[in-house]
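For reference, upload-v2.txt (compact mmCIF, C-alpha atoms):
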# COMPACT_ATOMS: atom_id res chain seq x y z
CA MET R 1 9.09 70.35 63.23
CA ALA R 2 12.79 71.24 63.44
CA VAL R 3 13.43 67.93 65.20
CA MET R 4 11.60 66.10 62.41
CA VAL R 5 13.78 67.81 59.82
CA VAL R 6 16.96 66.80 61.66
CA LEU R 7 15.70 63.23 61.93
CA VAL R 8 14.98 63.09 58.19
CA TYR R 9 18.50 64.35 57.42
CA ALA R 10 19.97 61.80 59.83
CA ALA R 11 17.95 59.02 58.22
CA VAL R 12 19.14 59.98 54.72
CA ALA R 13 22.76 60.12 55.91
CA ALA R 14 22.49 56.74 57.64
CA PHE R 15 20.88 55.17 54.57
CA GLU R 16 23.49 56.50 52.18
CA LEU R 17 26.35 55.45 54.46
CA TRP R 18 24.84 51.98 54.58
CA LEU R 19 24.92 51.89 50.78
CA TRP R 20 28.67 52.61 50.59
CA ASP R 21 30.92 49.65 49.70
CA GLU R 22 33.76 50.94 51.89
CA ARG R 23 33.70 53.44 54.74
CA PRO R 24 37.15 55.03 55.17
CA TRP R 25 36.96 57.09 58.36
CA LYS R 26 38.20 60.32 56.75
CA LYS R 27 35.41 60.23 54.18
CA VAL R 28 32.83 59.33 56.80
CA VAL R 29 33.90 62.22 59.06
CA LEU R 30 33.71 64.79 56.26
CA TYR R 31 30.39 63.37 55.10
CA LEU R 32 28.90 63.52 58.59
CA VAL R 33 30.22 67.04 59.23
CA LEU R 34 28.64 68.27 56.00
CA PHE R 35 25.37 66.51 56.78
CA ALA R 36 25.38 67.98 60.28
CA GLY R 37 25.88 71.44 58.76
CA ALA R 38 23.04 70.94 56.29
CA ALA R 39 20.71 69.60 59.00
CA THR R 40 21.58 72.46 61.35
CA LEU R 41 20.89 75.03 58.66
CA ALA R 42 17.58 73.37 57.79
CA ALA R 43 16.56 73.30 61.47
CA LEU R 44 17.58 76.92 62.00
CA ILE R 45 15.57 78.01 58.95
CA MET R 46 12.59 76.14 60.36
CA VAL R 47 12.93 77.91 63.70
CA ASP R 48 13.75 81.38 62.36
CA ASN R 49 12.52 82.12 58.85
CA GLU R 50 14.54 85.35 58.70
CA LEU R 51 17.87 83.97 59.80
CA ALA R 52 20.56 86.59 59.17
CA VAL R 53 23.04 85.83 56.39
CA PRO R 54 26.65 86.45 57.49
CA GLU R 55 28.29 89.19 55.45
CA PRO R 56 32.05 89.01 55.96
CA VAL R 57 32.76 91.63 53.30
CA GLY R 58 30.17 94.00 54.76
CA TYR R 59 31.62 93.44 58.23
CA LEU R 60 35.13 94.19 56.99
CA LYS R 61 33.90 97.31 55.19
CA GLY R 62 32.18 98.49 58.38
CA LEU R 63 35.28 97.79 60.43
CA VAL R 64 37.54 99.70 58.03
CA LYS R 65 35.07 102.60 58.00
CA LYS R 66 34.96 102.61 61.80
CA LEU R 67 38.73 102.54 62.09
CA TRP R 68 39.10 105.22 59.43
CA GLN R 69 36.64 107.54 61.10
CA GLY R 70 38.13 106.84 64.55
CA GLY R 71 41.69 107.57 63.40
CA GLY R 72 43.28 110.94 64.22
CA GLY R 73 41.06 111.62 67.24
CA PRO R 74 42.30 112.58 70.71
CA MET O 1 39.15 58.76 36.81
CA ARG O 2 39.51 61.75 34.51
CA GLU O 3 36.41 63.11 32.84
CA ILE O 4 36.99 64.46 29.34
CA VAL O 5 34.39 66.67 27.68
CA PRO O 6 34.55 67.01 23.87
CA ASP O 7 34.74 70.55 22.48
CA GLN O 8 31.20 70.76 21.11
CA GLN O 9 29.63 69.38 24.28
CA GLY O 10 31.71 71.78 26.35
CA MET O 11 30.55 74.68 24.20
CA ILE O 12 26.88 73.75 24.63
CA LEU O 13 27.38 73.35 28.37
CA VAL O 14 28.89 76.85 28.57
CA LEU O 15 26.00 78.20 26.49
CA LEU O 16 23.25 76.60 28.57
CA PHE O 17 25.02 77.59 31.79
CA ILE O 18 25.02 81.27 30.80
CA VAL O 19 21.51 81.33 29.36
CA GLY O 20 20.47 79.15 32.31
CA ASN O 21 18.30 80.95 34.77
CA THR O 22 18.90 84.39 33.26
CA LEU O 23 16.47 84.39 30.39
CA VAL O 24 13.39 85.70 32.17
CA TYR O 25 14.97 88.53 34.18
CA SER O 26 15.29 92.18 33.22
CA LEU O 27 18.97 91.87 32.37
CA GLY O 28 20.67 95.20 31.87
CA GLY O 29 17.48 97.01 32.79
CA LEU O 30 19.44 99.99 34.10
CA ALA O 31 20.46 100.81 30.53
CA GLY O 32 16.85 101.45 29.54
CA ALA O 33 16.25 101.65 25.78
CA ASP O 34 19.99 101.36 25.13
CA ILE O 35 20.08 97.79 26.39
CA TRP O 36 21.60 96.56 23.12
CA LEU O 37 24.55 98.87 23.66
CA ALA O 38 24.94 97.66 27.25
CA PHE O 39 24.96 94.07 25.97
CA LEU O 40 27.64 94.83 23.39
CA ILE O 41 29.83 96.62 25.93
CA ALA O 42 29.39 93.81 28.47
CA MET O 43 30.27 91.22 25.83
CA VAL O 44 33.43 93.11 24.88
CA ALA O 45 34.35 93.55 28.55
CA ALA O 46 33.68 89.92 29.49
CA LEU O 47 35.45 88.38 26.50
CA PRO O 48 39.00 88.99 27.85
CA MET O 49 38.02 87.24 31.09
CA VAL O 50 36.61 84.29 29.16
CA LEU O 51 39.79 84.13 27.07
CA LEU O 52 41.82 84.35 30.26
CA LEU O 53 39.98 81.36 31.77
CA ALA O 54 40.56 79.38 28.57
CA ARG O 55 44.22 80.40 28.56
CA ILE O 56 44.73 79.15 32.14
CA ARG O 57 43.18 75.79 31.23
CA SER O 58 45.29 75.69 28.09
CA LEU O 59 48.46 76.26 30.14
CA MET O 60 47.62 73.20 32.23
CA GLN O 61 48.65 71.18 29.15
CA GLY O 62 46.66 67.99 29.34
CA LEU O 63 46.72 67.65 33.11
CA GLY O 64 43.53 67.17 35.10
CA PHE O 65 42.22 70.41 36.56
CA TYR O 66 43.45 69.97 40.11
CA ALA O 67 46.82 68.53 39.09
CA GLY O 68 47.24 71.56 36.83
CA LEU O 69 46.22 73.94 39.58
CA GLU O 70 48.71 72.33 41.97
CA ARG O 71 51.44 72.73 39.40
CA ILE O 72 50.65 76.43 39.10
CA LEU O 73 50.03 77.40 42.72
CA GLY O 74 51.37 74.56 44.83
CA ARG O 75 49.37 72.13 46.94
CA TRP O 76 48.17 74.15 49.93
CA PRO O 77 47.31 77.42 48.15
CA SER O 78 45.35 75.34 45.63
CA ARG O 79 43.44 73.61 48.40
CA LEU O 80 42.64 76.86 50.17
CA LEU O 81 41.45 78.36 46.90
CA ALA O 82 39.34 75.28 46.21
CA LEU O 83 37.72 75.59 49.63
CA ALA O 84 36.84 79.24 48.97
CA TYR O 85 35.38 78.39 45.53
CA ALA O 86 33.45 75.48 47.02
CA GLY O 87 31.66 78.00 49.22
CA PHE O 88 31.16 80.46 46.37
CA THR O 89 29.72 77.87 43.98
CA TRP O 90 27.52 76.30 46.67
CA ARG O 91 26.13 79.77 47.38
CA LEU O 92 25.48 80.21 43.65
CA SER O 93 23.56 76.92 43.47
CA CYS O 94 21.44 78.15 46.41
CA PHE O 95 20.75 81.35 44.47
CA VAL O 96 19.73 79.46 41.32
CA VAL O 97 17.41 77.13 43.23
CA SER O 98 15.92 80.14 44.95
CA ASP O 99 15.40 81.85 41.58
CA VAL O 100 13.51 78.82 40.30
CA THR O 101 11.37 78.33 43.39
CA ASN O 102 10.39 82.00 43.51
CA PHE O 103 9.69 82.05 39.77
CA VAL O 104 7.51 78.95 39.97
CA GLN O 105 5.64 80.35 42.94
CA ALA O 106 5.14 83.72 41.25
CA VAL O 107 3.86 82.46 37.90
CA ALA O 108 2.44 78.98 38.33
CA LEU O 109 2.08 77.50 41.81
CA PRO O 110 1.34 80.33 44.24
CA THR O 111 0.12 78.12 47.09
CA THR O 112 2.82 75.45 46.83
CA PRO O 113 5.53 75.89 49.49
CA GLN O 114 8.86 76.83 47.95
CA VAL O 115 10.60 74.03 49.79
CA VAL O 116 8.69 71.44 47.72
CA VAL O 117 10.00 72.80 44.41
CA ALA O 118 13.45 73.31 45.96
CA THR O 119 13.56 69.67 47.10
CA LEU O 120 12.60 68.39 43.64
CA PHE O 121 15.30 70.46 41.95
CA ALA O 122 17.85 69.55 44.64
CA LEU O 123 17.23 65.84 44.03
CA LEU O 124 17.54 66.35 40.27
CA MET O 125 20.82 68.24 40.54
CA LEU O 126 22.11 65.71 43.06
CA TRP O 127 21.56 62.99 40.48
CA ALA O 128 23.17 65.01 37.70
CA ALA O 129 26.20 65.97 39.81
CA LYS O 130 26.75 62.36 40.85
CA GLU O 131 26.77 61.30 37.20
CA GLY O 132 29.55 63.78 36.48
CA VAL O 133 30.39 66.44 33.93
CA GLU O 134 30.51 64.05 30.94
CA VAL O 135 26.89 62.99 31.41
CA LEU O 136 25.84 66.55 32.14
CA ALA O 137 27.49 67.77 28.92
CA ARG O 138 25.81 65.05 26.88
CA PHE O 139 22.47 65.97 28.44
CA ALA O 140 23.13 69.61 27.60
CA VAL O 141 23.68 68.73 23.93
CA LEU O 142 20.50 66.67 23.82
CA ILE O 143 18.29 69.24 25.51
CA SER O 144 19.86 72.20 23.70
CA LYS O 145 18.06 71.15 20.49
CA VAL O 146 14.72 71.62 22.26
CA VAL O 147 15.89 74.89 23.83
CA PHE O 148 17.05 76.33 20.50
CA PHE O 149 13.85 75.28 18.77
CA VAL O 150 11.67 76.83 21.47
CA LEU O 151 13.70 80.05 21.53
CA PHE O 152 13.61 80.35 17.75
CA LEU O 153 9.86 79.76 17.65
CA THR O 154 9.26 82.24 20.47
CA LEU O 155 11.38 84.87 18.77
CA MET O 156 9.54 84.44 15.49
CA PHE O 157 6.18 84.88 17.23
CA LEU O 158 7.52 87.77 19.27
CA LEU O 159 8.54 89.66 16.14
CA SER O 160 4.86 90.30 15.37
CA GLU O 161 4.59 92.37 18.58
CA VAL O 162 7.91 94.22 18.33
CA GLU O 163 7.95 98.06 18.25
CA LEU O 164 11.39 99.17 17.10
CA THR O 165 10.65 102.77 18.12
CA GLN O 166 11.10 101.61 21.74
CA PHE O 167 14.87 101.81 21.15
CA GLN O 168 14.70 105.49 20.28
CA PRO O 169 16.09 108.00 21.07
CA VAL O 170 19.52 106.46 21.40
CA LEU O 171 21.55 107.53 24.45
CA TYR O 172 18.80 109.90 25.60
CA HIS O 173 19.98 109.63 29.25
CA GLY O 174 23.66 109.69 28.34
CA PHE O 175 26.27 107.01 28.58
CA LYS O 176 26.23 106.40 32.34
CA PRO O 177 23.08 104.20 32.47
CA VAL O 178 24.49 102.14 29.60
CA LEU O 179 27.68 101.49 31.55
CA ARG O 180 25.67 100.59 34.64
CA GLY O 181 23.58 98.20 32.56
CA ALA O 182 26.73 96.64 31.14
CA TYR O 183 28.08 96.29 34.66
CA GLN O 184 24.87 94.52 35.67
CA LEU O 185 25.30 92.08 32.82
CA LEU O 186 28.91 91.37 33.70
CA ASP O 187 27.95 90.34 37.21
CA PHE O 188 24.97 88.25 36.15
CA PRO O 189 25.34 86.23 34.00
CA PHE O 190 28.49 86.79 31.95
CA LEU O 191 31.26 86.43 34.51
CA GLU O 192 29.52 83.61 36.35
CA VAL O 193 31.12 81.46 33.68
CA VAL O 194 34.07 81.25 36.12
CA VAL O 195 32.12 78.43 37.81
CA LEU O 196 32.66 76.24 34.74
CA PHE O 197 36.38 76.76 35.14
CA TRP O 198 36.03 74.48 38.18
CA VAL O 199 33.63 72.04 36.52
CA PHE O 200 35.64 70.79 33.54
CA ASP O 201 38.24 68.22 34.52
CA SER O 202 40.10 67.62 31.26
CA PHE O 203 39.92 68.74 27.66
CA PRO O 204 40.87 66.65 24.62
CA SER O 205 43.50 69.11 23.33
CA LYS O 206 45.36 72.28 24.25
CA SER O 207 43.06 74.47 22.14
CA SER O 208 39.87 72.82 23.42
CA PRO O 209 39.27 75.29 26.28
CA TYR O 210 39.12 78.10 23.70
CA ARG O 211 36.76 76.10 21.50
CA ALA O 212 34.44 75.44 24.45
CA PHE O 213 34.50 78.73 26.32
CA VAL O 214 34.65 81.38 23.58
CA PRO O 215 31.91 80.24 21.12
CA GLY O 216 29.74 79.09 24.03
CA PHE O 217 29.99 82.49 25.67
CA LEU O 218 29.44 84.46 22.45
CA LEU O 219 26.43 82.39 21.39
CA ALA O 220 24.84 82.64 24.83
CA ALA O 221 25.40 86.38 24.91
CA ALA O 222 23.90 86.71 21.41
CA ILE O 223 20.82 84.70 22.42
CA LEU O 224 20.29 86.82 25.52
CA LEU O 225 20.85 90.01 23.52
CA VAL O 226 18.25 89.07 20.92
CA MET O 227 15.67 87.78 23.39
CA ASP O 228 16.02 90.70 25.80
CA CYS O 229 15.99 93.33 23.04
CA ALA O 230 12.90 91.72 21.52
CA SER O 231 11.21 91.68 24.93
CA LEU O 232 12.10 95.31 25.54
CA ALA O 233 10.72 96.23 22.14
CA VAL O 234 7.45 94.56 23.09
CA VAL O 235 6.92 95.80 26.65
CA GLY O 236 8.79 99.13 26.45
CA ALA O 237 11.95 100.29 28.19
CA GLU O 238 10.30 101.49 31.42
CA GLN O 239 8.18 98.39 31.86
CA TYR O 240 11.16 96.19 31.02
CA ALA O 241 13.07 97.56 33.99
CA LEU O 242 10.01 97.45 36.26
CA PHE O 243 8.79 93.90 35.62
CA TYR O 244 10.32 90.99 37.53
CA PHE O 245 10.06 88.75 34.46
CA PRO O 246 9.81 90.97 31.35
CA VAL O 247 10.50 88.18 28.84
CA TRP O 248 7.66 86.18 30.37
CA THR O 249 5.36 89.20 30.07
CA ALA O 250 6.43 89.91 26.50
CA VAL O 251 5.84 86.34 25.37
CA ALA O 252 2.45 86.36 27.10
CA ARG O 253 1.41 89.07 24.62
CA ILE O 254 1.93 86.82 21.61
CA ASN O 255 -1.32 86.46 19.78
CA VAL O 256 -1.27 84.81 16.37
CA ALA O 257 -4.74 85.10 14.82
CA THR O 258 -6.31 84.65 18.29
CA PHE O 259 -5.31 81.01 17.92
CA LEU O 260 -1.75 80.81 19.25
CA THR O 261 -1.75 82.56 22.61
CA ARG O 262 -0.32 82.03 26.12
CA GLN O 263 3.05 80.88 24.81
CA GLU O 264 4.87 81.96 27.97
CA ALA O 265 4.79 78.44 29.38
CA ILE O 266 7.41 77.37 26.86
CA VAL O 267 9.72 80.15 28.10
CA GLY O 268 9.20 78.65 31.55
CA LEU O 269 10.38 75.34 30.12
CA VAL O 270 13.61 76.90 28.84
CA PHE O 271 14.07 78.63 32.18
CA ALA O 272 13.62 75.35 34.08
CA VAL O 273 16.00 73.40 31.86
CA GLY O 274 18.65 76.13 31.89
CA SER O 275 18.34 76.53 35.64
CA PHE O 276 18.75 72.81 36.11
CA VAL O 277 21.97 72.81 34.07
CA LYS O 278 23.27 75.82 35.97
CA MET O 279 22.48 74.49 39.43
CA ALA O 280 23.90 71.07 38.58
CA CYS O 281 27.13 72.69 37.31
CA SER O 282 27.38 74.82 40.45
CA LEU O 283 26.83 71.82 42.71
CA LEU O 284 29.33 69.80 40.72
CA ALA O 285 31.93 72.57 40.99
CA SER O 286 31.26 72.88 44.71
CA SER O 287 31.54 69.12 45.33
CA ARG O 288 34.72 68.73 43.28
CA ALA O 289 36.37 71.73 44.91
CA LEU O 290 35.40 70.69 48.43
CA ALA O 291 36.55 67.08 48.00
CA TYR O 292 39.85 68.31 46.56
CA ALA O 293 40.30 70.83 49.38
CA PHE O 294 40.14 67.97 51.89
CA GLY O 295 42.46 65.76 49.85
CA PHE O 296 39.98 63.34 48.23
CA GLU O 297 40.12 62.29 44.59
CA ASP O 298 36.51 61.15 44.47
CA TYR O 299 33.96 63.91 44.95
CA ARG O 300 30.71 61.95 44.68
CA PHE O 301 30.39 61.21 48.37
CA VAL O 302 30.00 64.92 49.26
CA VAL O 303 27.33 65.61 46.64
CA THR O 304 24.37 64.45 48.77
CA PRO O 305 25.03 66.58 51.88
CA LEU O 306 25.83 69.61 49.72
CA ALA O 307 22.66 69.16 47.64
CA LEU O 308 20.52 68.69 50.74
CA GLY O 309 22.18 71.78 52.20
CA VAL O 310 21.05 73.74 49.14
CA ILE O 311 17.38 73.25 50.11
CA PRO O 312 17.59 75.33 53.33
CA GLY O 313 20.31 77.47 51.70
CA SER O 314 17.92 78.56 48.96
CA GLN O 315 15.46 79.69 51.66
CA TRP O 316 18.23 81.38 53.61
CA PHE O 317 20.00 83.62 51.10
CA ILE O 318 16.86 84.79 49.30
CA THR O 319 13.34 84.68 50.63
CA THR O 320 11.17 86.78 48.32
CA VAL O 321 10.81 87.41 44.60
CA LEU O 322 11.87 91.02 45.25
CA GLU O 323 15.20 89.77 46.60
CA VAL O 324 15.53 87.46 43.58
CA ASP O 325 15.09 90.46 41.31
CA ARG O 326 17.60 92.48 43.33
CA SER O 327 20.17 89.68 43.25
CA ALA O 328 19.69 89.26 39.50
CA THR O 329 19.86 92.93 38.62
CA ALA O 330 22.21 94.33 41.28
CA THR O 331 25.63 95.50 40.20
CA HIS O 332 28.83 93.92 41.39
CA SER O 333 29.39 93.22 45.07
CA GLY O 334 32.82 92.73 46.61
CA ILE O 335 32.60 88.93 46.75
CA GLU O 336 31.69 88.65 43.08
CA VAL O 337 34.55 90.91 42.00
CA LEU O 338 36.95 88.82 44.07
CA PHE O 339 35.84 85.42 42.75
CA GLN O 340 34.97 86.38 39.17
CA VAL O 341 37.81 88.77 38.38
CA VAL O 342 40.59 89.18 40.96
CA ILE O 343 41.36 85.53 41.72
CA PRO O 344 41.21 84.32 38.06
CA VAL O 345 43.56 87.15 37.05
CA ALA O 346 45.94 86.21 39.88
CA ILE O 347 45.85 82.53 38.80
CA TRP O 348 46.52 83.55 35.20
CA ILE O 349 49.56 85.63 36.18
CA ALA O 350 50.89 82.73 38.26
CA ALA O 351 50.24 80.30 35.37
CA GLU O 352 52.08 82.51 32.86
CA LEU O 353 55.05 82.91 35.22
CA ARG O 354 55.14 79.16 35.85
CA ALA O 355 54.95 78.40 32.13
CA LYS O 356 57.78 80.88 31.46
CA SER O 357 60.01 79.43 34.15
CA ARG O 358 59.28 75.90 32.95
CA GLY O 359 60.04 76.82 29.33
CA PRO O 360 63.86 77.01 29.63
CA LYS O 361 63.93 73.89 31.83
CA ALA O 362 61.97 71.94 29.26
CA LYS O 363 64.36 73.14 26.54
CA GLN O 364 67.41 72.05 28.63
CA ALA O 365 65.87 68.63 29.19
What does the file become when written as structure tokens?
Amino acid sequence: MAVMVVLVYAAVAAFELWLWDERPWKKVVLYLVLFAGAATLAALIMVDNELAVPEPVGYLKGLVKKLWQGGGGP
Amino acid sequence: MREIVPDQQGMILVLLFIVGNTLVYSLGGLAGADIWLAFLIAMVAALPMVLLLARIRSLMQGLGFYAGLERILGRWPSRLLALAYAGFTWRLSCFVVSDVTNFVQAVALPTTPQVVVATLFALLMLWAAKEGVEVLARFAVLISKVVFFVLFLTLMFLLSEVELTQFQPVLYHGFKPVLRGAYQLLDFPFLEVVVLFWVFDSFPSKSSPYRAFVPGFLLAAAILLVMDCASLAVVGAEQYALFYFPVWTAVARINVATFLTRQEAIVGLVFAVGSFVKMACSLLASSRALAYAFGFEDYRFVVTPLALGVIPGSQWFITTVLEVDRSATATHSGIEVLFQVVIPVAIWIAAELRAKSRGPKAKQA
């Protein structure tokens, strides 16, 4: 199923690129990178329904807490 | 090509964006029976931020948004900031789509997979974002007439069920729950208006940002205040905080002469329309910011991958209706404070300093 999802995303990307009047390489690269990201996320969600959401702020908070508690020790 | 939104259309867009997907949730539920007080405090607290956003846009003096931002911050800081906001607004559009899909599944289509509803809304917002902010604002004006009519009608019917004693005694639990309720409201939906800061490209005049942001915000806040207070007066303070969709439940109780009943579907209509406007605005802001961050003037080519990314994104950030409720009624998290308060204040300070330093130069010239 995940492969099917990726194929559908690829087909949509190919179709839309075909519709463009001009295809400057910078635009095409960004477009494809974004599509690849979207397709990867869709495939990952298909494989693992409870995919963890990254929490950079939570990670930083945890790190600061760890460092704070660790400070002053022998 | 610059997109100019007239004042009145801008105001309606701000209004529908704020009312958007918020109408059915237990906004300010932490305040209990003193919800009206929480609303008033939140409005007073959010107004300076809204004025600040309008002031920044006003200081850009007729420039397009990104040209104005570059003048204030310089090219690379502006691009970095745009990249960060692209992520923030994309995440918000995922949240809004998730709100809608969970709501639809909870009240109307329990056996339909959420991804079906998410795909339909993603395609709709893709279309709207590709058309641009001018078309979106015109649509908002057109559909707002229906929204206002429905809300007015609902409120009139709801008045027959209202128990004003539900608001008494005032401040029974003290002032702390009221402040927490106000804090809830600031996070969602009042300060989310920062997204529109990235949506509007140009305004017709220097005072236009004020004429769009301030009345739009105040009207939206007043509508939410009235609707939520009426709902609380129907279902009771405790139930209001407990229900996922208290407005929906309150409207379901409307019974005019056993003839007019089950009016909640029309609240669902307002919710769907408002959510559509909000998710389209978020996607538009995300696309514009991302394209600018990578040095492109045209943003339309990134709309499709971002919109199709929202479909899995809406299943990723939030998976259940309980999480929807938590995200809607939670108080501020670090990311929200950063994007809704800290960064806009920093931009405002930079804009004022830039305007001051440019003042004497302009006079010399």
(request) Please return, as a ChimeraX atom specification, all residues of chain O lying within 6 Å of chain R when all atoms listed in the file are considered. (result) /O:305,309,312
(message) Give me the residues near Phe294 in chain O as a list in words, where near means some atom within 12 Å (using only C-alpha atoms) and where sequence neighbours in that chain fewer than 2 positions away do not count.
(response) Lys26, Lys27, Val29, Leu30 and Tyr31 of chain R; Arg75, Trp76, Ser78, Arg79, Leu80, Leu81, Ala82, Leu83, Ala86, Ser287, Arg288, Ala289, Leu290, Ala291, Tyr292, Phe296, Glu297, Asp298, Tyr299 and Val302 of chain O
Determine, counting all atoms listed in the file, which protein, DNA and RNA residues have an atom within 7 Å of an atom of range 90-93 of chain O; residues of the same chain fewer than 2 positions away are not included. Present the result as a PDB file with C-alpha atoms, in the frame of the given file.
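selection.pdb, written as the output of this step:
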ATOM      1  CA  ALA O  86      33.450  75.480  47.020  1.00  0.00           C
ATOM      2  CA  GLY O  87      31.660  78.000  49.220  1.00  0.00           C
ATOM      3  CA  PHE O  88      31.160  80.460  46.370  1.00  0.00           C
ATOM      4  CA  PHE O  95      20.750  81.350  44.470  1.00  0.00           C
ATOM      5  CA  VAL O  96      19.730  79.460  41.320  1.00  0.00           C
ATOM      6  CA  VAL O  97      17.410  77.130  43.230  1.00  0.00           C
ATOM      7  CA  MET O 279      22.480  74.490  39.430  1.00  0.00           C
ATOM      8  CA  SER O 282      27.380  74.820  40.450  1.00  0.00           C
ATOM      9  CA  LEU O 283      26.830  71.820  42.710  1.00  0.00           C
ATOM     10  CA  SER O 286      31.260  72.880  44.710  1.00  0.00           C
ATOM     11  CA  VAL O 310      21.050  73.740  49.140  1.00  0.00           C
TER      12      VAL O 310
END
Please give the centre and size of the box around range 60-68 of chain R (axis-aligned, containing every atom listed in the file, 8 Å added per side), with values in Å to one decimal and written as JSON.
{"center_x": 35.6, "center_y": 99.7, "center_z": 58.6, "size_x": 22.9, "size_y": 27.0, "size_z": 22.9}
(message) Need to verify the contact set: Thr154 in chain O, 12 Å, only C-alpha atoms, exclusion of same-chain residues closer than 4 positions in sequence. Can you return it as a VMD selection string?
(response) chain O and resid 147 to 150 158 to 161 223 226 to 227 230 to 231 247 to 248 250 to 256 260 to 270
Resulting file, chosen residues, C-alpha atoms, as an mmCIF file, in the frame of the given file:
data_model
loop_
_atom_site.group_PDB
_atom_site.id
_atom_site.type_symbol
_atom_site.label_atom_id
_atom_site.label_comp_id
_atom_site.auth_asym_id
_atom_site.auth_seq_id
_atom_site.Cartn_x
_atom_site.Cartn_y
_atom_site.Cartn_z
ATOM 1 C CA VAL O 147 15.890 74.890 23.830
ATOM 2 C CA PHE O 148 17.050 76.330 20.500
ATOM 3 C CA PHE O 149 13.850 75.280 18.770
ATOM 4 C CA VAL O 150 11.670 76.830 21.470
ATOM 5 C CA LEU O 158 7.520 87.770 19.270
ATOM 6 C CA LEU O 159 8.540 89.660 16.140
ATOM 7 C CA SER O 160 4.860 90.300 15.370
ATOM 8 C CA GLU O 161 4.590 92.370 18.580
ATOM 9 C CA ILE O 223 20.820 84.700 22.420
ATOM 10 C CA VAL O 226 18.250 89.070 20.920
ATOM 11 C CA MET O 227 15.670 87.780 23.390
ATOM 12 C CA ALA O 230 12.900 91.720 21.520
ATOM 13 C CA SER O 231 11.210 91.680 24.930
ATOM 14 C CA VAL O 247 10.500 88.180 28.840
ATOM 15 C CA TRP O 248 7.660 86.180 30.370
ATOM 16 C CA ALA O 250 6.430 89.910 26.500
ATOM 17 C CA VAL O 251 5.840 86.340 25.370
ATOM 18 C CA ALA O 252 2.450 86.360 27.100
ATOM 19 C CA ARG O 253 1.410 89.070 24.620
ATOM 20 C CA ILE O 254 1.930 86.820 21.610
ATOM 21 C CA ASN O 255 -1.320 86.460 19.780
ATOM 22 C CA VAL O 256 -1.270 84.810 16.370
ATOM 23 C CA LEU O 260 -1.750 80.810 19.250
ATOM 24 C CA THR O 261 -1.750 82.560 22.610
ATOM 25 C CA ARG O 262 -0.320 82.030 26.120
ATOM 26 C CA GLN O 263 3.050 80.880 24.810
ATOM 27 C CA GLU O 264 4.870 81.960 27.970
ATOM 28 C CA ALA O 265 4.790 78.440 29.380
ATOM 29 C CA ILE O 266 7.410 77.370 26.860
ATOM 30 C CA VAL O 267 9.720 80.150 28.100
ATOM 31 C CA GLY O 268 9.200 78.650 31.550
ATOM 32 C CA LEU O 269 10.380 75.340 30.120
ATOM 33 C CA VAL O 270 13.610 76.900 28.840
#
(message) When you count only C-alpha atoms, which of these residues is closest to Leu218 in chain O: O:Thr249, O:Ala46, O:Pro77, O:Leu171?
(response) O:Ala46
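Relative to CA of Gly274 in chain O, CA of Leu16 in chain O is found at 5.7 Å.
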